[in-house]
Amino acid sequence: MKLAWTREEMMAIAAARLLPDGAVCFVGIGLPGVAANLARRLHAPDLVLVYESGPIGAKPKVLPLSIGDGELARTADTVVPTHEIFRYWLQGGRIDIGFLATAQIDRFGNLNTTVIGDYRSPRVRLPGAGGAPEIAAHARETLVILRHQRRAFVERLDFTTTVGYLDGGDARERLGLRGGGPRWVITDLGLMEPDPATRELVVTAIHPGVARAEIEANTGWPVRFAAEVATTPAPRPEELAALRDLRARTAAAHGRPSGE
Amino acid sequence: MKLAWTREEMMAIAAARLLPDGAVCFVGIGLPGVAANLARRLHAPDLVLVYESGPIGAKPKVLPLSIGDGELARTADTVVPTHEIFRYWLQGGRIDIGFLATAQIDRFGNLNTTVIGDYRSPRVRLPGAGGAPEIAAHARETLVILRHQRRAFVERLDFTTTVGYLDGGDARERLGLRGGGPRWVITDLGLMEPDPATRELVVTAIHPGVARAEIEANTGWPVRFAAEVATTPAPRPEELAALRDLRARTAAAHGRPSGE
Amino acid sequence: MAEITSLREAVAGLVRDGDVVALEGFTHLIPHAAGHELIRQGRRDLTLVRMTPDLVYDQLIGMGCARRLVFAWGGNPGVGSLHRLRDAVERGWPHPLELVEHSHAGLASAYVAGASGLPFGLLDGYHGSDLPAHNPEIRFISCPFTGRRLAAVKAIRPDVAIIHAQRADRRGNVHLWGIVGCQKEVVLAARRSIVTVEEVVDELDAPPNACILPHWVVTAVCPVPGGAHPSYAQGYYDRDNAFYLAWDQIARERERFRAWMERHVLATEDHAGFLRSAGITLPRERVA
Amino acid sequence: MAEITSLREAVAGLVRDGDVVALEGFTHLIPHAAGHELIRQGRRDLTLVRMTPDLVYDQLIGMGCARRLVFAWGGNPGVGSLHRLRDAVERGWPHPLELVEHSHAGLASAYVAGASGLPFGLLDGYHGSDLPAHNPEIRFISCPFTGRRLAAVKAIRPDVAIIHAQRADRRGNVHLWGIVGCQKEVVLAARRSIVTVEEVVDELDAPPNACILPHWVVTAVCPVPGGAHPSYAQGYYDRDNAFYLAWDQIARERERFRAWMERHVLATEDHAGFLRSAGITLPRERVA
């Protein structure tokens, strides 16, 4: 079946739907920017976007290519120093949703953005932690967005950059982290949520046109499915139109499609 | 002999002379403001005035009545938050001269601005520490200005608010304070400086028309005089004119004579 | 999230007896009108926090609203003593006042820690001073890298922060400028916040890095023109230095103080009524 | 105290082989021209410090200037990897690079500690992460009031801080606005500082609470129009997104990288020469 939308589009739209209007969202680098800005154009015009570079209340009209574009500063309610973002606004407990991308994730929502292979002689040197460890520690809840691939959904992280639920159960609480931890993982295949007791990520929704087997094949551990697995509602025309308009305006401004 | 100037004027002028052009001066509340602003009008037009309320590089045309007057903010190069003044600019080691007033001082330049009598049931409750403890700890050197009275120059402080040389010798260094400590004490009778070895304050200059006996009578410990005691040069006409003009403009602006 | 409301409603709804309340503003933008409203509504047993308790706390203390004072410098700037503060500390009138005493650097660090979600603030301070002996909220720790002894001050997290600012927009975003003290920090450190403003405008049009408190960190915004008097609001009116001088006489004796407060604060409805009753004209801003 | 001078003289006089050098600017105002000048003058064995090493450090690392990198996120923002950084870490080319790795919150706290004259910065961070196991400049301490475990990061005090700003006046007072990152902190934390600016003006006329570095905390001010390219200078020119994309190709192979750097950086006299040689036009600022 040829769908009228791509899985990339479904992923961005499914993520955008999870951002409630009026929430304060700390927008991590990469894919989160697309979904957060899409949400602002749909059901969440008062979603407050906070970027680690300093803008608070940014209202970009095109997707920024970086997390420090001039568009963010020009449209923000105010721009504060970077250290203040982390100390007053994040660590101070003012962020509702921390929205992250990652290179690797394990079944407990721990993230690796540091290295593939050994730290001292890595096979692939990834960019590093950036804001992620403290965003995931302090935001009231965390959303993680990434493409569903076996090399990303791994049995064992090469490096724990950012803590989700550690080894599950109440390990996160015992560590004393104040934020609630990963609430949703959004991929191009479906949605995962932590089991309330074990905190293992389980599939709770599958995007239209995706088979369970495809999720299993692309997850590096024996992935569990919730007792009731929903089918993600397909993108609505206004959602698709808003996303495509955003990308088109971004392409016109930057000469390329998106802020990914 | 009727002098053409008052001892108050001599004190302010003697203090102003000790502020070198280009130095960065943290201006404490009270008398320091008069001397610092006088210095700017005389030999030190590039004296940088930093006030604990936040103004950096203030260039007031009239004496402020408080250390947070609008005149300071309006004429400053920039105004930063109060906590930043203390953390980046003072504790960060950017202040050349900390300029303080006090209620009590002892022979080692320790200061009391907290209570007369017992802390828990004081005879006189004084305003408190304000910025003084850390100004005196971190400025490269400290100047202290106060009227020479027996109740102020005491054998023993009722309360040590702010450390000078503690009990003398290398006690200050042993405490680990990074600033150099009291360099001059300026009064309406003369100037005192710490003995290089014992760090006891000794009189090194006496203002014109003041007798040694008057200083002895107004100091609560057996005060020592340097081997060579200078006579402070009398106020020069341009110094007096600048001070009086400053006070006149202040009176016209505030309806009262000065920022004391 | 900020509600634009009257100061009376904001104080009634947000400040309770026994609360830890911080009215901030370093000489500039002192929330005097809010202090009066706390007095009118008869708040009791407050822990009052402030870098520089001046007239606003002299009034609250003299009217018996405070049980405890957390502070660094308590005087009438440029004039002299706070007579009501001294009367409470020296003679327990109208009742004893517990002191939690800091230096400016220490109290500022405690606010910054509160705003930063840290349990304590760190400073290279208090060495050799008698203050730590009288304040259990000052302790010393060792640097894990150098061994250097540093002061730790317990974070301050007020129940309510109250500040005055120049302007807010209709959503409740607040803009202040000039001497901004620790106002941003105290609002971020507090559970609830009240901001009185000179005016509510359609658009803030603030400079890019202006001191802005977004509406979602402010609980209530209350338009109170002249609400900082006798302090000042840069861009609106100057400091009323004559009032600071006059206060030295008004507050010197218990009876005259009580009579003045009863007549001008307790017997008036709001800040406009207070200004009329006390015959106050806001000093025009003098820009040299 | 700031001397207004050429970038060449400033680098020659103030940056030595083996120095700890921090080039700051968070996406905005990245001092690329200064990075080129460090390369032209052949500095070696530098410890490079930066929140977000991007193209500017890819170039310095690829040209063999760095021995050690202190950082939190090293990528080509919005594009992908830094190929020269990866080549140094993964294959030791042109020579091995020692990493001192932080999170943003940790490195920002280390700068703030440096600016504040504290030996360490405090944050509620790094809990459960593998980062502290690989970075001895991260330790944990206990809160003396609550017992809570908090991270301590060793303060960063660079020998030289290098930043780019929009404007300076003729005395060397510097004004920057928009995304200001940790630039003020890194200058205050450093022993010496170089600020390249778009222009030198007679009067800054900055807003009251603007981000200003007074001339007496800046060592050298160097007029370098376009000095942030391919980063941007708000109010002057936009980010050259096409260059960031192009860099991905230029830097992918060692030979092409070396050839490009030799032709456009080593063979040119200064930043104006670089811009001409590389055929760069500064993108006009697009204000929506």
# chains A, B, ... in the order shown; residues from 1 in each chain; ligands from 1
>>> select_by_dssp(residues="segment 41-261 of chain D", states="helix (DSSP H, G or I)", output="PyMOL selection string")
chain D and resi 55-62+83-91+104-115+131-134+183-189+215-217+241-250+254-261
>>> residues_around(residues="Cys65 of chain D", least_positions_apart="5", cutoff="6 Å", atoms="only C-alpha atoms", output="ChimeraX atom specification")
/D:43-45,60
>>> closest_atom_pairs(of="segment 37-116 of chain D", to="segment 134-152 of chain D", cutoff="9 Å", atoms="only C-alpha atoms", output="CSV")
residue,atom,partner,partner_atom,distance
D:Leu99,CA,D:Asn135,CA,8.4
D:Val100,CA,D:Asn135,CA,5.9
D:Glu101,CA,D:Asn135,CA,6.3
D:His102,CA,D:Asn135,CA,7.7
D:Gly106,CA,D:Ile138,CA,8.4
D:Ser109,CA,D:Ala152,CA,8.9
D:Ala110,CA,D:Ala152,CA,8.7
>>> interface_residues(of="chain D", to="chain C", cutoff="7 Å", atoms="only C-alpha atoms", output="VMD selection string")
chain D and resid 118 to 120 124 143 145 154 177 to 178 208 to 210
>>> write_last_selection(atoms="N, CA and C atoms", output="short mmCIF file (atom, residue, chain, number, x, y, z; two decimals), in the first residue's frame")
data_model
loop_
_atom_site.label_atom_id
_atom_site.label_comp_id
_atom_site.auth_asym_id
_atom_site.auth_seq_id
_atom_site.Cartn_x
_atom_site.Cartn_y
_atom_site.Cartn_z
N LEU D 118 35.86 30.72 42.13
CA LEU D 118 35.68 29.52 42.96
C LEU D 118 36.49 28.38 42.36
N PRO D 119 37.02 27.48 43.21
CA PRO D 119 37.81 26.38 42.66
C PRO D 119 36.95 25.30 41.99
N PHE D 120 35.67 25.29 42.29
CA PHE D 120 34.80 24.32 41.60
C PHE D 120 33.39 24.86 41.46
N ASP D 124 23.60 19.75 40.12
CA ASP D 124 22.85 18.53 40.40
C ASP D 124 22.83 17.77 39.09
N CYS D 143 25.84 17.60 50.17
CA CYS D 143 25.32 18.85 50.71
C CYS D 143 25.43 18.83 52.22
N PHE D 145 23.82 20.44 54.33
CA PHE D 145 22.53 20.64 54.99
C PHE D 145 21.60 19.44 54.81
N LYS D 154 35.61 20.89 38.36
CA LYS D 154 36.76 21.76 38.56
C LYS D 154 36.58 23.03 37.73
N TRP D 177 25.00 40.93 21.93
CA TRP D 177 23.59 40.68 22.24
C TRP D 177 23.07 39.50 21.42
N GLY D 178 21.87 39.06 21.77
CA GLY D 178 21.31 37.87 21.15
C GLY D 178 21.75 36.66 21.95
N PRO D 208 20.15 49.41 29.30
CA PRO D 208 20.69 49.48 30.67
C PRO D 208 21.34 48.19 31.17
N ASN D 209 20.75 47.04 30.86
CA ASN D 209 21.26 45.78 31.39
C ASN D 209 21.91 44.94 30.31
N ALA D 210 22.42 45.60 29.28
CA ALA D 210 23.04 44.89 28.16
C ALA D 210 24.25 44.09 28.63
#
>>> closest_atom_pairs(of="chain C", to="chain B", cutoff="8 Å", atoms="only C-alpha atoms", output="Markdown table")
| residue | atom | partner | partner_atom | distance |
| --- | --- | --- | --- | --- |
| C:Phe26 | CA | B:Ser53 | CA | 6.1 |
| C:Thr27 | CA | B:Gly68 | CA | 5.1 |
| C:His28 | CA | B:Gly68 | CA | 6.4 |
| C:Met51 | CA | B:Gly130 | CA | 8.0 |
| C:Thr52 | CA | B:Gly130 | CA | 7.8 |
| C:Ala72 | CA | B:Gly130 | CA | 5.1 |
| C:Trp73 | CA | B:Gly130 | CA | 4.7 |
| C:Gly74 | CA | B:Pro127 | CA | 4.5 |
| C:Gly75 | CA | B:Pro127 | CA | 5.2 |
| C:Pro77 | CA | B:Ser66 | CA | 5.2 |
| C:Gly78 | CA | B:Leu65 | CA | 5.1 |
| C:Val79 | CA | B:Glu260 | CA | 7.6 |
| C:Ser81 | CA | B:Pro127 | CA | 7.2 |
| C:Arg86 | CA | B:Arg125 | CA | 5.8 |
| C:Val89 | CA | B:Arg125 | CA | 7.0 |
| C:Glu90 | CA | B:Pro122 | CA | 5.9 |
| C:Glu101 | CA | B:Gly128 | CA | 8.0 |
| C:His102 | CA | B:Ala129 | CA | 7.2 |
| C:Ser103 | CA | B:Gly130 | CA | 5.1 |
| C:His104 | CA | B:Gly131 | CA | 4.9 |
| C:Ala105 | CA | B:Phe86 | CA | 5.6 |
| C:Ala108 | CA | B:His83 | CA | 5.1 |
| C:Ser109 | CA | B:His83 | CA | 6.8 |
| C:Val112 | CA | B:His83 | CA | 7.6 |
| C:Leu123 | CA | B:Arg87 | CA | 7.9 |
| C:Asp124 | CA | B:Gln91 | CA | 7.1 |
| C:Gly125 | CA | B:Glu134 | CA | 5.7 |
| C:Tyr126 | CA | B:Pro133 | CA | 6.4 |
| C:His127 | CA | B:Leu175 | CA | 7.0 |
| C:Gly128 | CA | B:Val163 | CA | 6.0 |
| C:Ser129 | CA | B:Thr161 | CA | 5.2 |
| C:Asp130 | CA | B:Thr160 | CA | 5.3 |
| C:Leu131 | CA | B:Thr161 | CA | 6.6 |
| C:Gly178 | CA | B:Ala73 | CA | 5.8 |
| C:Ile179 | CA | B:Gly54 | CA | 6.0 |
| C:Val180 | CA | B:Pro81 | CA | 5.6 |
| C:Gly181 | CA | B:Thr82 | CA | 4.6 |
| C:Cys182 | CA | B:Thr82 | CA | 5.9 |
| C:Tyr232 | CA | B:Gly70 | CA | 7.7 |
| C:Gln234 | CA | B:Gly70 | CA | 6.5 |
| C:Asp238 | CA | B:Gly70 | CA | 7.2 |
| C:Arg239 | CA | B:Asp69 | CA | 7.3 |
| C:Asn241 | CA | B:His254 | CA | 6.5 |
| C:Ala242 | CA | B:Gly255 | CA | 7.4 |
| C:Val287 | CA | B:Glu71 | CA | 7.9 |
| C:Ala288 | CA | B:Lys61 | CA | 7.6 |
>>> atom_distance(atom1="atom CA of Thr6 of chain B", atom2="atom CA of Gly190 of chain B")
13.2 Å
>>> select_by_dssp(residues="segment 39-208 of chain C", states="strand (DSSP E)", output="mmCIF file with N, CA, C and O atoms, in the first residue's frame")
data_model
loop_
_atom_site.group_PDB
_atom_site.id
_atom_site.type_symbol
_atom_site.label_atom_id
_atom_site.label_comp_id
_atom_site.auth_asym_id
_atom_site.auth_seq_id
_atom_site.Cartn_x
_atom_site.Cartn_y
_atom_site.Cartn_z
ATOM 1 N N LEU C 46 5.141 36.085 59.822
ATOM 2 C CA LEU C 46 5.877 35.905 58.577
ATOM 3 C C LEU C 46 7.377 35.777 58.855
ATOM 4 O O LEU C 46 7.903 36.391 59.786
ATOM 5 N N THR C 47 8.038 34.954 58.056
ATOM 6 C CA THR C 47 9.495 35.023 57.948
ATOM 7 C C THR C 47 9.777 35.941 56.774
ATOM 8 O O THR C 47 9.439 35.615 55.635
ATOM 9 N N LEU C 48 10.350 37.098 57.062
ATOM 10 C CA LEU C 48 10.623 38.074 56.009
ATOM 11 C C LEU C 48 12.071 37.935 55.550
ATOM 12 O O LEU C 48 12.990 37.938 56.371
ATOM 13 N N VAL C 49 12.251 37.795 54.261
ATOM 14 C CA VAL C 49 13.593 37.646 53.692
ATOM 15 C C VAL C 49 13.863 38.842 52.800
ATOM 16 O O VAL C 49 12.989 39.258 52.024
ATOM 17 N N ARG C 50 15.064 39.386 52.889
ATOM 18 C CA ARG C 50 15.400 40.545 52.055
ATOM 19 C C ARG C 50 16.873 40.885 52.236
ATOM 20 O O ARG C 50 17.380 40.856 53.345
ATOM 21 N N ALA C 66 5.934 40.261 61.479
ATOM 22 C CA ALA C 66 7.088 39.372 61.279
ATOM 23 C C ALA C 66 7.494 38.651 62.553
ATOM 24 O O ALA C 66 7.468 39.204 63.641
ATOM 25 N N ARG C 67 7.888 37.406 62.380
ATOM 26 C CA ARG C 67 8.410 36.610 63.476
ATOM 27 C C ARG C 67 9.917 36.429 63.325
ATOM 28 O O ARG C 67 10.634 36.226 64.302
ATOM 29 N N ARG C 68 10.351 36.520 62.091
ATOM 30 C CA ARG C 68 11.718 36.144 61.778
ATOM 31 C C ARG C 68 12.176 37.002 60.619
ATOM 32 O O ARG C 68 11.405 37.285 59.698
ATOM 33 N N LEU C 69 13.462 37.393 60.642
ATOM 34 C CA LEU C 69 14.000 38.233 59.576
ATOM 35 C C LEU C 69 15.280 37.598 59.047
ATOM 36 O O LEU C 69 16.210 37.339 59.801
ATOM 37 N N VAL C 70 15.308 37.361 57.759
ATOM 38 C CA VAL C 70 16.503 36.844 57.086
ATOM 39 C C VAL C 70 17.041 37.996 56.250
ATOM 40 O O VAL C 70 16.341 38.481 55.358
ATOM 41 N N PHE C 71 18.269 38.452 56.527
ATOM 42 C CA PHE C 71 18.707 39.709 55.923
ATOM 43 C C PHE C 71 20.230 39.844 55.935
ATOM 44 O O PHE C 71 20.935 39.019 56.520
ATOM 45 N N GLU C 98 13.265 37.088 65.520
ATOM 46 C CA GLU C 98 14.395 36.186 65.351
ATOM 47 C C GLU C 98 15.195 36.612 64.110
ATOM 48 O O GLU C 98 14.605 36.919 63.079
ATOM 49 N N LEU C 99 16.515 36.639 64.241
ATOM 50 C CA LEU C 99 17.351 37.071 63.119
ATOM 51 C C LEU C 99 18.112 35.899 62.501
ATOM 52 O O LEU C 99 18.683 35.081 63.224
ATOM 53 N N VAL C 100 18.101 35.836 61.179
ATOM 54 C CA VAL C 100 18.962 34.916 60.432
ATOM 55 C C VAL C 100 19.802 35.817 59.544
ATOM 56 O O VAL C 100 19.318 36.360 58.553
ATOM 57 N N GLU C 101 21.060 35.982 59.933
ATOM 58 C CA GLU C 101 21.832 37.088 59.386
ATOM 59 C C GLU C 101 22.944 36.615 58.450
ATOM 60 O O GLU C 101 23.724 35.739 58.779
ATOM 61 N N PHE C 120 22.145 24.123 48.403
ATOM 62 C CA PHE C 120 22.977 25.169 49.013
ATOM 63 C C PHE C 120 23.730 25.947 47.951
ATOM 64 O O PHE C 120 23.880 25.504 46.808
ATOM 65 N N GLY C 121 24.169 27.124 48.360
ATOM 66 C CA GLY C 121 24.996 27.960 47.508
ATOM 67 C C GLY C 121 26.400 27.994 48.055
ATOM 68 O O GLY C 121 26.620 27.837 49.256
ATOM 69 N N LEU C 122 27.336 28.229 47.146
ATOM 70 C CA LEU C 122 28.751 28.143 47.475
ATOM 71 C C LEU C 122 29.349 29.536 47.368
ATOM 72 O O LEU C 122 29.099 30.242 46.404
ATOM 73 N N LEU C 123 30.132 29.943 48.362
ATOM 74 C CA LEU C 123 30.875 31.193 48.202
ATOM 75 C C LEU C 123 32.176 31.138 48.986
ATOM 76 O O LEU C 123 32.308 30.373 49.944
ATOM 77 N N ILE C 138 24.749 28.852 57.684
ATOM 78 C CA ILE C 138 26.080 29.016 57.083
ATOM 79 C C ILE C 138 26.963 27.889 57.607
ATOM 80 O O ILE C 138 27.110 27.740 58.827
ATOM 81 N N ARG C 139 27.510 27.090 56.710
ATOM 82 C CA ARG C 139 28.462 26.053 57.112
ATOM 83 C C ARG C 139 29.682 26.132 56.204
ATOM 84 O O ARG C 139 29.720 26.930 55.277
ATOM 85 N N PHE C 140 30.662 25.321 56.492
ATOM 86 C CA PHE C 140 31.862 25.332 55.648
ATOM 87 C C PHE C 140 32.105 23.950 55.066
ATOM 88 O O PHE C 140 31.829 22.936 55.717
ATOM 89 N N ILE C 141 32.571 23.915 53.836
ATOM 90 C CA ILE C 141 32.914 22.648 53.194
ATOM 91 C C ILE C 141 34.307 22.767 52.572
ATOM 92 O O ILE C 141 34.857 23.860 52.466
ATOM 93 N N SER C 142 34.842 21.622 52.150
ATOM 94 C CA SER C 142 36.155 21.619 51.500
ATOM 95 C C SER C 142 35.996 21.376 50.009
ATOM 96 O O SER C 142 35.231 20.505 49.596
ATOM 97 N N ARG C 149 38.786 25.790 51.900
ATOM 98 C CA ARG C 149 37.605 25.882 52.737
ATOM 99 C C ARG C 149 36.683 26.953 52.156
ATOM 100 O O ARG C 149 37.108 28.091 51.945
ATOM 101 N N LEU C 150 35.442 26.560 51.894
ATOM 102 C CA LEU C 150 34.484 27.486 51.298
ATOM 103 C C LEU C 150 33.204 27.483 52.112
ATOM 104 O O LEU C 150 32.888 26.492 52.779
ATOM 105 N N ALA C 151 32.479 28.585 52.060
ATOM 106 C CA ALA C 151 31.217 28.660 52.793
ATOM 107 C C ALA C 151 30.089 28.061 51.958
ATOM 108 O O ALA C 151 30.041 28.215 50.733
ATOM 109 N N ALA C 152 29.194 27.352 52.646
ATOM 110 C CA ALA C 152 27.969 26.840 52.041
ATOM 111 C C ALA C 152 26.806 27.533 52.752
ATOM 112 O O ALA C 152 26.763 27.560 53.976
ATOM 113 N N VAL C 153 25.903 28.114 51.976
ATOM 114 C CA VAL C 153 24.718 28.727 52.580
ATOM 115 C C VAL C 153 23.490 27.958 52.110
ATOM 116 O O VAL C 153 23.370 27.592 50.939
ATOM 117 N N LYS C 154 22.604 27.697 53.050
ATOM 118 C CA LYS C 154 21.395 26.957 52.729
ATOM 119 C C LYS C 154 20.561 27.735 51.711
ATOM 120 O O LYS C 154 20.382 28.947 51.849
ATOM 121 N N VAL C 160 6.497 32.776 49.030
ATOM 122 C CA VAL C 160 6.048 33.822 48.114
ATOM 123 C C VAL C 160 7.165 34.834 47.892
ATOM 124 O O VAL C 160 7.777 35.307 48.861
ATOM 125 N N ALA C 161 7.419 35.157 46.651
ATOM 126 C CA ALA C 161 8.297 36.272 46.296
ATOM 127 C C ALA C 161 7.419 37.421 45.836
ATOM 128 O O ALA C 161 6.452 37.208 45.094
ATOM 129 N N ILE C 162 7.739 38.618 46.304
ATOM 130 C CA ILE C 162 6.988 39.799 45.890
ATOM 131 C C ILE C 162 7.978 40.836 45.379
ATOM 132 O O ILE C 162 8.926 41.197 46.089
ATOM 133 N N ILE C 163 7.771 41.274 44.143
ATOM 134 C CA ILE C 163 8.645 42.309 43.578
ATOM 135 C C ILE C 163 7.796 43.349 42.859
ATOM 136 O O ILE C 163 6.615 43.132 42.588
ATOM 137 N N HIS C 164 8.430 44.476 42.577
ATOM 138 C CA HIS C 164 7.797 45.500 41.752
ATOM 139 C C HIS C 164 8.606 45.605 40.461
ATOM 140 O O HIS C 164 9.828 45.466 40.485
ATOM 141 N N ALA C 165 7.925 45.827 39.332
ATOM 142 C CA ALA C 165 8.629 45.949 38.058
ATOM 143 C C ALA C 165 8.020 47.105 37.278
ATOM 144 O O ALA C 165 6.932 47.592 37.614
ATOM 145 N N GLN C 166 8.715 47.519 36.239
ATOM 146 C CA GLN C 166 8.183 48.632 35.454
ATOM 147 C C GLN C 166 6.934 48.236 34.670
ATOM 148 O O GLN C 166 5.929 48.924 34.722
ATOM 149 N N ARG C 167 6.988 47.090 33.961
ATOM 150 C CA ARG C 167 5.910 46.810 33.020
ATOM 151 C C ARG C 167 5.616 45.324 32.918
ATOM 152 O O ARG C 167 6.479 44.482 33.136
ATOM 153 N N ALA C 168 4.395 45.022 32.538
ATOM 154 C CA ALA C 168 4.036 43.662 32.135
ATOM 155 C C ALA C 168 3.205 43.787 30.869
ATOM 156 O O ALA C 168 2.625 44.843 30.591
ATOM 157 N N ASP C 169 3.158 42.715 30.095
ATOM 158 C CA ASP C 169 2.209 42.723 28.976
ATOM 159 C C ASP C 169 0.919 42.017 29.420
ATOM 160 O O ASP C 169 0.808 41.572 30.563
ATOM 161 N N VAL C 174 6.743 39.889 32.415
ATOM 162 C CA VAL C 174 7.192 41.056 33.186
ATOM 163 C C VAL C 174 8.556 41.507 32.683
ATOM 164 O O VAL C 174 9.434 40.692 32.406
ATOM 165 N N HIS C 175 8.722 42.815 32.558
ATOM 166 C CA HIS C 175 9.995 43.388 32.115
ATOM 167 C C HIS C 175 10.465 44.397 33.155
ATOM 168 O O HIS C 175 9.723 45.298 33.519
ATOM 169 N N LEU C 176 11.683 44.204 33.670
ATOM 170 C CA LEU C 176 12.255 45.210 34.551
ATOM 171 C C LEU C 176 13.640 45.565 34.067
ATOM 172 O O LEU C 176 14.295 44.783 33.396
ATOM 173 N N ARG C 192 5.411 30.692 44.904
ATOM 174 C CA ARG C 192 4.420 31.584 44.306
ATOM 175 C C ARG C 192 5.049 32.972 44.178
ATOM 176 O O ARG C 192 5.990 33.286 44.901
ATOM 177 N N SER C 193 4.507 33.793 43.275
ATOM 178 C CA SER C 193 5.080 35.130 43.136
ATOM 179 C C SER C 193 4.024 36.158 42.773
ATOM 180 O O SER C 193 3.067 35.866 42.058
ATOM 181 N N ILE C 194 4.218 37.352 43.324
ATOM 182 C CA ILE C 194 3.356 38.496 43.027
ATOM 183 C C ILE C 194 4.259 39.596 42.482
ATOM 184 O O ILE C 194 5.262 39.937 43.098
ATOM 185 N N VAL C 195 3.887 40.122 41.319
ATOM 186 C CA VAL C 195 4.650 41.217 40.744
ATOM 187 C C VAL C 195 3.729 42.415 40.574
ATOM 188 O O VAL C 195 2.766 42.353 39.800
ATOM 189 N N THR C 196 3.993 43.487 41.316
ATOM 190 C CA THR C 196 3.278 44.728 41.060
ATOM 191 C C THR C 196 4.027 45.476 39.962
ATOM 192 O O THR C 196 5.258 45.407 39.881
ATOM 193 N N VAL C 197 3.267 46.154 39.097
ATOM 194 C CA VAL C 197 3.910 46.840 37.962
ATOM 195 C C VAL C 197 3.356 48.250 37.822
ATOM 196 O O VAL C 197 2.219 48.537 38.226
ATOM 197 N N GLU C 198 4.178 49.107 37.234
ATOM 198 C CA GLU C 198 3.727 50.471 36.977
ATOM 199 C C GLU C 198 2.598 50.484 35.955
ATOM 200 O O GLU C 198 1.663 51.252 36.080
ATOM 201 N N GLU C 199 2.709 49.617 34.937
ATOM 202 C CA GLU C 199 1.660 49.614 33.932
ATOM 203 C C GLU C 199 1.643 48.293 33.163
ATOM 204 O O GLU C 199 2.636 47.575 33.122
ATOM 205 N N VAL C 200 0.494 47.997 32.588
ATOM 206 C CA VAL C 200 0.350 46.837 31.710
ATOM 207 C C VAL C 200 0.254 47.374 30.287
ATOM 208 O O VAL C 200 -0.529 48.284 30.011
ATOM 209 N N VAL C 201 1.097 46.835 29.410
ATOM 210 C CA VAL C 201 1.174 47.349 28.043
ATOM 211 C C VAL C 201 0.835 46.238 27.049
ATOM 212 O O VAL C 201 0.832 45.058 27.400
#
>>> atom_distance(atom1="atom CA of Asn76 of chain C", atom2="atom CA of Asp54 of chain C")
5.5 Å
>>> residues_around(residues="Arg244 of chain B", least_positions_apart="6", cutoff="10 Å", atoms="only C-alpha atoms", output="MDAnalysis selection string")
chainID B and resid 9 38 238 250 257
>>> write_last_selection(atoms="N, CA and C atoms", output="tab-separated table (two decimals), in the first residue's frame")
chain	number	residue	atom	x	y	z
B	9	GLU	N	35.84	67.78	55.45
B	9	GLU	CA	36.35	68.01	54.10
B	9	GLU	C	37.77	67.44	53.96
B	38	LEU	N	34.62	62.28	44.47
B	38	LEU	CA	35.52	63.43	44.46
B	38	LEU	C	36.78	63.09	43.66
B	238	GLU	N	41.57	73.69	44.49
B	238	GLU	CA	40.76	72.97	43.50
B	238	GLU	C	40.09	71.75	44.12
B	250	THR	N	24.60	68.15	44.76
B	250	THR	CA	23.85	67.09	45.44
B	250	THR	C	22.69	67.69	46.23
B	257	PRO	N	22.52	67.70	51.87
B	257	PRO	CA	23.88	67.99	51.46
B	257	PRO	C	24.68	66.84	50.83
>>> atom_distance(atom1="atom CA of Ala36 of chain B", atom2="atom CA of Pro235 of chain B")
15.9 Å
>>> residues_around(residues="Leu275 of chain C", least_positions_apart="4", cutoff="12 Å", atoms="only C-alpha atoms", output="PyMOL selection string")
chain C and resi 32-33+36+224-230+263-265+268-271+279-282
